[in-house]
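> Below is one structure. I have some questions about it.
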Amino acid sequence: MPTELPTLTPADFASDQDVRWCPGCGDYAILAQMKKVMPQLGVARENVVFISGIGCSSRFPYYMNTYGLHSIHGRAPAFATGLKSSRQDLQVWVVTGDGDGLSIGGNHFMHLIRRNVDLKIMLFNNRIYGLTKGQYSPTSPLGKVSVSTPMGAIDNPLNPLSVAIGCEATFVARSIDVNIKHLGEVMKRAAEHKGTAFIEIYQNCNVFNDGAWDYATSKETKHDNVLELEHGKPLIFGKAKNKGIRLNGTHPEVVELGKGISEDDLLFHDEKAPEPTLAYLLSRMRHPEFPEPIGVFRDVDGPKYDVELNRQITAAREKKGEGDLNALYNSGETWTVG
Amino acid sequence: MPTELPTLTPADFASDQDVRWCPGCGDYAILAQMKKVMPQLGVARENVVFISGIGCSSRFPYYMNTYGLHSIHGRAPAFATGLKSSRQDLQVWVVTGDGDGLSIGGNHFMHLIRRNVDLKIMLFNNRIYGLTKGQYSPTSPLGKVSVSTPMGAIDNPLNPLSVAIGCEATFVARSIDVNIKHLGEVMKRAAEHKGTAFIEIYQNCNVFNDGAWDYATSKETKHDNVLELEHGKPLIFGKAKNKGIRLNGTHPEVVELGKGISEDDLLFHDEKAPEPTLAYLLSRMRHPEFPEPIGVFRDVDGPKYDVELNRQITAAREKKGEGDLNALYNSGETWTVG
Amino acid sequence: MTTTTAEPEVANPKTVNPVPSATIRFCGDSGDGMQITGDQFTSTSALLGNDVATFPDYPAEIRAPRGTLAGVSGFQVHFSSEDIFTPGDTLDALVVMNPAALKTNLRDLRKGGILICNSDNFQKSDLDLAGYDVNPLDSQVLEDQYQLFKVQMTKITREALKDTGLGTKEVDRCKNFFALGLVYWLYGRDQEPTLRYLQSKFSNKPEIIAANTKAMRAGWNYGETTDAFTSSYKVEPAQLPPGKYKNMKGNTAMAWGLMTAAKLSGKELFLGSYPITPASDILHELSKFKNFGVRTFQAEDEIAAVCSAIGAAYGGAMGITTSSGPGIALKGEGIGLAIMLELPLLVINIQRGGPSTGLPTKTEQADLFQAILGRNGESPMPVIAARSPGDCFDAAIEAWRISSRMMVPVMVLSDGYIANGSEPWLIPDYNKLEKIPIHHPVPSENGEKFKPYQRDELLARPWGIPGIKGLMHRLGGLEKQDVTGNVNYEPENHEHMVHTRAKKVDNVAQLIGLQEVEGPETGDLLVLSWGGTYGACKTAVEQCQEQGIKVAHAHLRWLNPFPRNLGDVLKRYKKVLVPELNKGQLRMIIRSKYLVDAQGLNKIQGRPFFVQEVVAAIRGQLGLASANGSKPTATAAVSGIAGSGDAGG
Amino acid sequence: MTTTTAEPEVANPKTVNPVPSATIRFCGDSGDGMQITGDQFTSTSALLGNDVATFPDYPAEIRAPRGTLAGVSGFQVHFSSEDIFTPGDTLDALVVMNPAALKTNLRDLRKGGILICNSDNFQKSDLDLAGYDVNPLDSQVLEDQYQLFKVQMTKITREALKDTGLGTKEVDRCKNFFALGLVYWLYGRDQEPTLRYLQSKFSNKPEIIAANTKAMRAGWNYGETTDAFTSSYKVEPAQLPPGKYKNMKGNTAMAWGLMTAAKLSGKELFLGSYPITPASDILHELSKFKNFGVRTFQAEDEIAAVCSAIGAAYGGAMGITTSSGPGIALKGEGIGLAIMLELPLLVINIQRGGPSTGLPTKTEQADLFQAILGRNGESPMPVIAARSPGDCFDAAIEAWRISSRMMVPVMVLSDGYIANGSEPWLIPDYNKLEKIPIHHPVPSENGEKFKPYQRDELLARPWGIPGIKGLMHRLGGLEKQDVTGNVNYEPENHEHMVHTRAKKVDNVAQLIGLQEVEGPETGDLLVLSWGGTYGACKTAVEQCQEQGIKVAHAHLRWLNPFPRNLGDVLKRYKKVLVPELNKGQLRMIIRSKYLVDAQGLNKIQGRPFFVQEVVAAIRGQLGLASANGSKPTATAAVSGIAGSGDAGG
Ligand SMILES: Cc1ncc(C[n+]2csc(CCOP(=O)(O)OP(=O)(O)O)c2C)c(N)n1
Ligand SMILES: Cc1ncc(C[n+]2csc(CCOP(=O)(O)OP(=O)(O)O)c2C)c(N)n1
Ligand code: SF4
Ligand code: SF4
Ligand SMILES: [Mg+2]
Ligand SMILES: [Mg+2]
């Protein structure tokens, strides 16, 4: 029920609480973008709810002048599923971290994604546990030295996008804290998607994992290491836009444009591909072998748990009429005394 | 430490406990194959441990005359990780169900796979909760009518192989309870793999979900609906071996052989492909659009958590010498009184 | 077919003996359809106007191999012309479909009781499976001690059904209806209700209807016409309070109570649950009622289940989660958050035998500590326990009344015994039930900021929900400032909040009334019970009172907080006895709180109390010799439409 | 830089006043490096031979914005020429680096105490952040009540470091070493140990060493040469028992104790853990010692953590899991399985403020109920609590001795206060520690079947592990038959097993010795304490005893089971007082078990007891007027090498 909304500014979305991240933390940029994007979404503040788990990132809801729930570690998707399933009128965002979302919360993440509940989830990936002071996380690379892995991490990291795609995601995207324009656009796309929209955001923890994403953010290297996906467009990157990705069987390869290779030889992006294999393939392109794609990997339509649940409610009511408790009590075999 | 092993028979692997599955349950066939394969693996019975969660399938360990642990619902991978990481000499098998492994146990499943702990995991997929009498499971298809979904299931099912591949699996395979020879071969391949070997087994629950896999097991339809993967071979199926799978971009398509299409035009299977995209693509082939591949989808080498952990122990000992507690106590700043 | 009775003075053939009540048990293999048989007998008896109480008892986990001891499934019915509160201690009649059932159930049959056996199932292989060296039916012992009837049920059923065109397997699955028909004859029951059941249940399978009808009739006729049975029994209708009744299972009553509470409070119900025995049936039942606005969510695990319910509660729904012990253990952290958020929530625990996976299909009361004390930090919550199958309906409503009034999660305890048991339920009129008023705050007129932790006189905070303009606020699990709800780490505030949350729970005592006592106001002994042991304790105390013993009975509905006068009540008796199906959990709390030397009667066998066990304990406490000298034994069970087996996990 | 003292009789400039002990606190922003400063002061004092006790106190969760109240981090040190057991109640000296630190800490400074402020940080913006309208340093009140020293630390440090070539930011990060140097001068401490620390810690950053050395010297010189300070203090070495000491933190002691227990029992240690404040440091510490055969596994969550440890235990390792309240809540189901499997396992809970996320960096004792009673079903387990930082070492060893002897999981309780606090630790000789014998069964010679649940005289079962030929067996969470360990659902067996598991835990009482009491054998009052409140209670009781009060102190090491003689001990005193940092959890259990009207002293502020609070409660119990009439207040803190901030979650 869209009603006439007053024109709001980012400042209208700032709560009265002090923001308590370390100076220089990437979370600030993400918060700023969210506040900027919010007024453009055409949703009243009181119909927006942010739900988070525990972690630095999970402080996010306190700073938004909307409704919010700072819940327990890893479980935000479950709270959000309950809320959204019973309140279709709300726009629900989940904010999580690489530990919150993929370590303790991995199961809920997986099931949220497959259920395709109509809500948006942003995973602030700083490849570290920030709040608990620097243990490695499920996205920390092999060999990562941290307080809990003094000899280096020995677990293969998870790739958040591959996981999501492996779990039947209908919308997956990636952006970067400091890429503010891109980030804002991706947030908007997520908001528009119907179903679970998952965004991985590269976020710098300048205290415990400073520079983890330097290759993707530093002026000198970012053009060679990041590739902006555009629907229907060939995969091109490099400062001079002179490099591209070509498909060889099911393997991507980096090629230079010119010298007999034209744009038409390249892999073309298709967000809408019904099968997720292309999105999966793109999620496998990792630094340093490949530039890492950012933008929307996949955006398709599918049944949404919450929508279907409410549709069943409506259908049942239409078919059987609004439930009548007295009729229920008196159903089946009964007998009368006295 | 391979020692001279006596020649054992399947009967040597039968425990003294009554098998308590429903008559006709697919679990019997799997148990029989396991007992058959065991003597061929060259591992002494006392060095084998089966670990399960809770469910009909999870009764498995009681019936094997090896060591075994019937643990709690969904957590078998965690017990197995602890055991294998501290006991490299043991061969550890995890037995789980679609509910145990993918619903409550999804997170441990995901992290076991990514850590690539050197153990084997068999998921008996009957697309239903057997033990608790017939609720739908994460692998039940959309629309599944069950005691908890009288109007039909509205959650997209998970595809166990896609999930595993999304989580960096190094070995994934699929087989079918009644395909006993194939099943035995796949079990052997899993046993040989170094790292986490994941097998999905289509299993019929004849009480609560009878016929869920009929399309893949009935004499009439199985050749059209199942495709046996062979490393290095083209993807061919059909009773007359006259159909195949061809790649169109990143999409597979079913083609008929002959009429201008030869085996060379088909997609060739490569278990060893370093990137998992091919395996992922194969996992997406689902009935009825496609024949469903069985066999080994992927079998590559990667760092194994347990092996690396023990390597770090050895390395630390080599570098620093066996730990000396007295030296530790006396390290750092100390002072003497009296 | 020989018939021998231990009571030679029995009258003419086909005498009808009136008895005030009877307890019977059907038992057989879990594939033999004993649960359906028992259910039918129960409904029919209830329709005849008897008071009834049932106790189904089925094997744990997986269906065991046919014929084994582990695979035995039983269903006990107590039906009476008087008010009854338990399914009976010892059996008047036992129907066994195979040797395994005989072996595991015989000890509950009273001396001289009726023992009906399907003698066709006592072949060598059957005997082996049950561990019998010789056929017990051939031994004189059984004939001496019981009224033994060896009936060739398989053969006669096959005979009766030979023209139905069904295969042997299908035909044999009708044996239970033969047994049912026979017992119907034995107790003079009407076959009509069961015929109606068959018609409605198998409307599209006429051959099944026909076959089971034939089998049942064959059983009836067997009793009526053969020489085997010389007399039958009659149990007159009970004098229940006037009204319309239906037979009610505990889990169904719980589900209906929840739906009723939702409607009474103008709320839609959201259930987040994960299947687990013996709680799953509530999920199943609620899933049927989408047209009541009931949303059920089968979550990926118990943690997601409770968290989804809290999420729904945050949005203004009636959030509920249901489980059993091991699942409740997983919900502890989530419940702690709900306590901190001060949101209404119902956590329903259908207790089973523990610890760990334990005895999943058996009953126990050993989760009381977990309910009251089993969370990190100081995290009190109100706890209510249902006392009988029908009472689950009322307990659910009362729990929600308190939870929504006080903005606090409430734990509702039931157990496997009352969850699966049944009793006649006086059908209420929804319109006469007391409404549950719920207010959601709206923005203050003077533009004052919304204060999510401003409290009313009972210390409840307002339930502000998303979607309301001007009430935007953020909640979380960190300690928060009173009134504003902002995160706050100040020492004094924390202490204040810990006390406030506790006081709020204590204030529930102002809403739940005073503790009542049945029996003398003062006396030698007070029996203090809670939960599903109500029936056994009430009956035992009444029996003792009839024997002139100065004993009273107080049954606790709320376990936290206790009624305000409980301390006074306890002091009025010289002794306090707390019977529990655990090692003494309520007793421990009572002792601590009131410093009374309460004694325990404790049974941890996965089974309910027998009335005589409680009677014996009462007499023991008072130094009286036991009423009959004999150690009390267990109670009633027969076996036939075979379903999917009876199990749980 | 004006100096005013409230004690006009102070002697000549630069007098050295001997004092028996002093309590000081460094506090400032969490980026100011107060923890390092406090640590250095502690080590130095310990090296000088003082007895020391520390209390670090840092903000919860996220680093708060610079200069805010929420961002204040403090470190308190009590150092003494006598035996001490607490970090002190009130402060003799307080060093504050900014207005926020002043505001939140001043109330703990005793009247007339020394107050050193970095006056450079009292600018308008700093004052605003702390909510001061006017500069408190300008108010007469401070000058009247305390010895106020306003020191331009920033300016002087910049001055001193101007030739180092470091940027302002780096230079300013050295302010804490200026403060440290100044306080070193004030208490006549040696700068040498800190110079050594700098050398070893920053061996590859000579410019950092140089800068901090300069800053520290500048602080020292400031005290020595300026007029500001007229006198300094001297605390003589304490008479500790002879031996070699080091300063020990609780969590480090716990880790070392675990490693020691592993070695003593010939086991390799497997830790399954998931990070959580304040337990993570044990994971970090243990992760360093791979050459001791220590395997640490950072699991995906707490459930996997406990389950992996159980898996390792099944394989014969020393399985351990560490966490804090919310994480322990998640482990309940897994612990229940370990109880059923009867495997040894240590579950270590470093308690923090709850419920829910609560106050993650603050201390509390509110998980005792959870430890003893917080699981489904009847699932008893032994519980031990450490009483001081150094005692964590011994508690860990004792816990493993019991766990491996009795084949039962043991819960080890510590808390944020002793986990992060430190005290001098008498270094043991490993070779003199008592070994922990562990036997794994081997196949019987006569080929008899292995019986995994055959019990010894204390009811422990054998620890049969995989890899041994002929011992193959299967364990699980379903109820099992005694002796064979096979799944078993029989009623009597279940009851027997419930009792057996309970008796086994009770039998631990035969191994733990009798309860000892400090003070008179009988008397007016017994103070009964447990865990980290030991020091405050011991000190308070001793003070009261010196005042002639007939009070004794019993400190419980094992919370389950209790020592066999505890009931007798309690009866020897007219009253029992149970001081706890919760709402009375031990008290509740004591009352229930012994029916004594134990009273509680309860504080739930995320902070430890002050000695004077316990003294007041003792006097109050005995109807005596309070010793000094004044309400006791809190205790000591300064601020500077800034680390990554101090927080937790
Ligand atoms: C049940 C539970 N376990 C552990 C913790 C401790 N904890 C809080 S946040 C966190 C990890 C944070 O990492 P991440 O999700 O990556 O967030 P970040 O701080 O990096 O933004 C942990 C382990 C907790 N609060 N609750
Ligand atoms: C903590 C917990 N939650 C729930 C259960 C109940 N439960 C036991 S098995 C099971 C699901 C079984 O399904 P699946 O894993 O597919 O195994 P199957 O029986 O089909 O082989 C459930 C929900 C339990 N035992 N423990
Ligand atoms: S610790 Fe890292 S993630 Fe957390 S607030 Fe600081 S910089 Fe940001
Ligand atoms: S319920 Fe299904 S899965 Fe379980 S034993 Fe029976 S047939 Fe097998
Ligand atoms: Mg992170
Ligand atoms: Mg299943």
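Each chain in the structure tokens gets a letter, A, B, ..., in the order shown, and its residues are numbered from 1; ligands are numbered from 1 in order too.
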Do me a favour and pick out the residues of chain B within 6 Å of chain A, using only C-alpha atoms, as a list in words.
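Selected residues: Gly106, Asn107, Arg114, Arg115, Ile154, Asp155, Asn156, Ser162, Val163, Gly166, Cys167, Thr277, Leu281 and Tyr305 of chain B.
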> Residues up to 7 Å from ligand 6, counting only C-alpha atoms and all ligand atoms: could you list those as a count of residues only?
11
> Apply DSSP to the structure's backbone, then extract all residues of range 155-247 of chain B labelled strand (DSSP E or B) and return them as a list in words.
Phe171, Val172, Ala173, Arg174, Ser175, Ile176, Ala197, Phe198, Ile199, Glu200, Ile201, Tyr202, Val226, Leu227, Glu228, Pro234, Ile236, Phe237, Lys243, Gly244, Ile245, Arg246 and Leu247 of chain B
> Limited to N, CA and C atoms, could you put the picked residues into a file as a tab-separated table (two decimals), in the first residue's frame?

```
chain	number	residue	atom	x	y	z
B	171	PHE	N	35.44	-34.01	-3.12
B	171	PHE	CA	34.92	-35.28	-3.65
B	171	PHE	C	33.42	-35.30	-3.46
B	172	VAL	N	32.70	-35.41	-4.56
B	172	VAL	CA	31.25	-35.56	-4.48
B	172	VAL	C	30.81	-36.65	-5.42
B	173	ALA	N	29.87	-37.45	-4.93
B	173	ALA	CA	29.39	-38.55	-5.75
B	173	ALA	C	27.94	-38.80	-5.40
B	174	ARG	N	27.29	-39.58	-6.25
B	174	ARG	CA	25.89	-39.91	-6.01
B	174	ARG	C	25.68	-41.36	-6.41
B	175	SER	N	24.87	-42.06	-5.63
B	175	SER	CA	24.49	-43.40	-6.04
B	175	SER	C	23.08	-43.69	-5.52
B	176	ILE	N	22.63	-44.92	-5.71
B	176	ILE	CA	21.24	-45.29	-5.45
B	176	ILE	C	21.21	-46.58	-4.65
B	197	ALA	N	35.00	-37.04	1.56
B	197	ALA	CA	34.33	-37.63	0.40
B	197	ALA	C	32.84	-37.66	0.70
B	198	PHE	N	32.08	-36.99	-0.13
B	198	PHE	CA	30.64	-36.89	0.12
B	198	PHE	C	29.85	-37.71	-0.90
B	199	ILE	N	29.03	-38.62	-0.40
B	199	ILE	CA	28.16	-39.41	-1.27
B	199	ILE	C	26.70	-39.16	-0.90
B	200	GLU	N	25.93	-38.73	-1.89
B	200	GLU	CA	24.48	-38.70	-1.72
B	200	GLU	C	23.93	-40.03	-2.22
B	201	ILE	N	23.13	-40.69	-1.38
B	201	ILE	CA	22.54	-41.96	-1.80
B	201	ILE	C	21.03	-41.82	-1.84
B	202	TYR	N	20.47	-42.03	-3.01
B	202	TYR	CA	19.01	-42.03	-3.13
B	202	TYR	C	18.51	-43.24	-2.38
B	226	VAL	N	18.64	-41.68	-15.62
B	226	VAL	CA	19.91	-41.73	-14.88
B	226	VAL	C	21.05	-41.80	-15.87
B	227	LEU	N	22.10	-41.11	-15.56
B	227	LEU	CA	23.27	-41.10	-16.44
B	227	LEU	C	24.48	-41.46	-15.60
B	228	GLU	N	25.18	-42.51	-16.01
B	228	GLU	CA	26.36	-42.91	-15.22
B	228	GLU	C	27.59	-42.15	-15.68
B	234	PRO	N	32.40	-39.32	-22.63
B	234	PRO	CA	31.29	-38.41	-22.93
B	234	PRO	C	30.05	-38.80	-22.14
B	236	ILE	N	26.71	-39.99	-21.91
B	236	ILE	CA	25.76	-40.74	-22.74
B	236	ILE	C	24.79	-41.48	-21.84
B	237	PHE	N	23.54	-41.55	-22.28
B	237	PHE	CA	22.57	-42.30	-21.48
B	237	PHE	C	21.48	-42.84	-22.39
B	243	LYS	N	21.49	-41.34	-26.32
B	243	LYS	CA	21.30	-39.93	-25.99
B	243	LYS	C	22.54	-39.41	-25.26
B	244	GLY	N	22.74	-38.11	-25.37
B	244	GLY	CA	23.91	-37.55	-24.73
B	244	GLY	C	23.66	-36.13	-24.28
B	245	ILE	N	24.65	-35.57	-23.61
B	245	ILE	CA	24.55	-34.20	-23.11
B	245	ILE	C	25.60	-33.36	-23.83
B	246	ARG	N	25.12	-32.25	-24.37
B	246	ARG	CA	26.02	-31.34	-25.07
B	246	ARG	C	26.00	-30.00	-24.34
B	247	LEU	N	27.10	-29.28	-24.43
B	247	LEU	CA	27.17	-28.00	-23.75
B	247	LEU	C	26.82	-26.87	-24.71
```
> Could you please extract the residues within 6 Å of ligand 4, counting only C-alpha atoms and all ligand atoms, and hand them back as JSON, numbers by chain?
{"B": [21, 22, 25, 56, 130, 131, 205, 206, 207, 208]}
> Export C-alpha atoms of the chosen residues as a compact mmCIF listing (two decimals), in the first residue's frame?

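File written: part32.txt
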```
# COMPACT_ATOMS: atom_id res chain seq x y z
CA TRP B 21 14.44 -50.71 10.00
CA CYS B 22 11.04 -51.25 8.43
CA CYS B 25 13.54 -49.96 3.72
CA CYS B 56 16.44 -43.94 10.73
CA GLY B 130 11.55 -41.07 8.49
CA LEU B 131 12.14 -41.44 12.20
CA CYS B 205 11.58 -44.85 2.58
CA ASN B 206 8.83 -47.26 1.75
CA VAL B 207 6.76 -46.20 4.71
CA PHE B 208 6.64 -42.44 4.49
```
> Taking only C-alpha atoms into account and nothing else, which residues of chain C lie no more than 6 Å away from chain A? Please answer as a list in words.
Leu47, Pro242, Gly243, Lys244, Tyr245, Lys246, Lys290, Asn291, Phe292, Ala304, Cys307, Ser308, Ala309, Gly311, Ala312, Gly315, Tyr430, Gly467, Ile468, Lys469, Met472, His473, Arg474, Leu475, Gly476 and Gly477 of chain C
> Can you check which residues of chain D have any atom within 7 Å of chain C? Use only C-alpha atoms and format it as a ChimeraX atom specification.
/D:325-326,329-330,332-333,336-337,340,353-359,366-367,369-370,373-379,477-479,489,491-492,494-495,588-589,591-592,595,604-606
> Determine, for each residue of chain D having at least one atom at most 7 Å from an atom of ligand 1, the closest pair of atoms and their separation in Å to one decimal, counting only C-alpha atoms and all ligand atoms; order by chain and ascending number, as a tab-separated table.

```
residue	atom	partner	partner_atom_place_in_ligand_line	distance
D:Tyr274	CA	ligand 1	4 (C)	6.4
D:Pro275	CA	ligand 1	23 (C)	4.6
D:Ile276	CA	ligand 1	6 (C)	3.8
D:Thr277	CA	ligand 1	6 (C)	6.2
D:Asp301	CA	ligand 1	3 (N)	6.9
D:Glu302	CA	ligand 1	3 (N)	6.7
D:Pro326	CA	ligand 1	1 (C)	5.0
D:Gly327	CA	ligand 1	1 (C)	4.4
D:Thr357	CA	ligand 1	25 (N)	6.2
D:Gly649	CA	ligand 1	8 (C)	4.2
```
> Could you take the residues named above and write them with C-alpha atoms, as a compact mmCIF listing (two decimals), in the first residue's frame?

```txt
# COMPACT_ATOMS: atom_id res chain seq x y z
CA TYR D 274 34.38 -20.87 19.40
CA PRO D 275 35.58 -17.38 20.28
CA ILE D 276 33.62 -15.48 22.90
CA THR D 277 34.53 -12.86 25.46
CA ASP D 301 29.94 -22.64 16.47
CA GLU D 302 29.71 -23.71 20.09
CA PRO D 326 25.54 -17.80 25.86
CA GLY D 327 27.91 -20.31 24.30
CA THR D 357 24.40 -10.98 25.35
CA GLY D 649 31.65 -9.79 22.28
```
> Report, in Å to a single decimal, how far apart CA of Phe79 in chain C and CA of Lys234 in chain C are.
10.7 Å
> Residues of range 206-248 of chain B classed as helix (DSSP H, G or I) by DSSP on the backbone are to be reported as a list in words.
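Filtering range 206-248 of chain B to helix (DSSP H, G or I) leaves Asp214, Tyr215, Ala216, Thr217, Lys222, His223, Asp224 and Asn225 of chain B.
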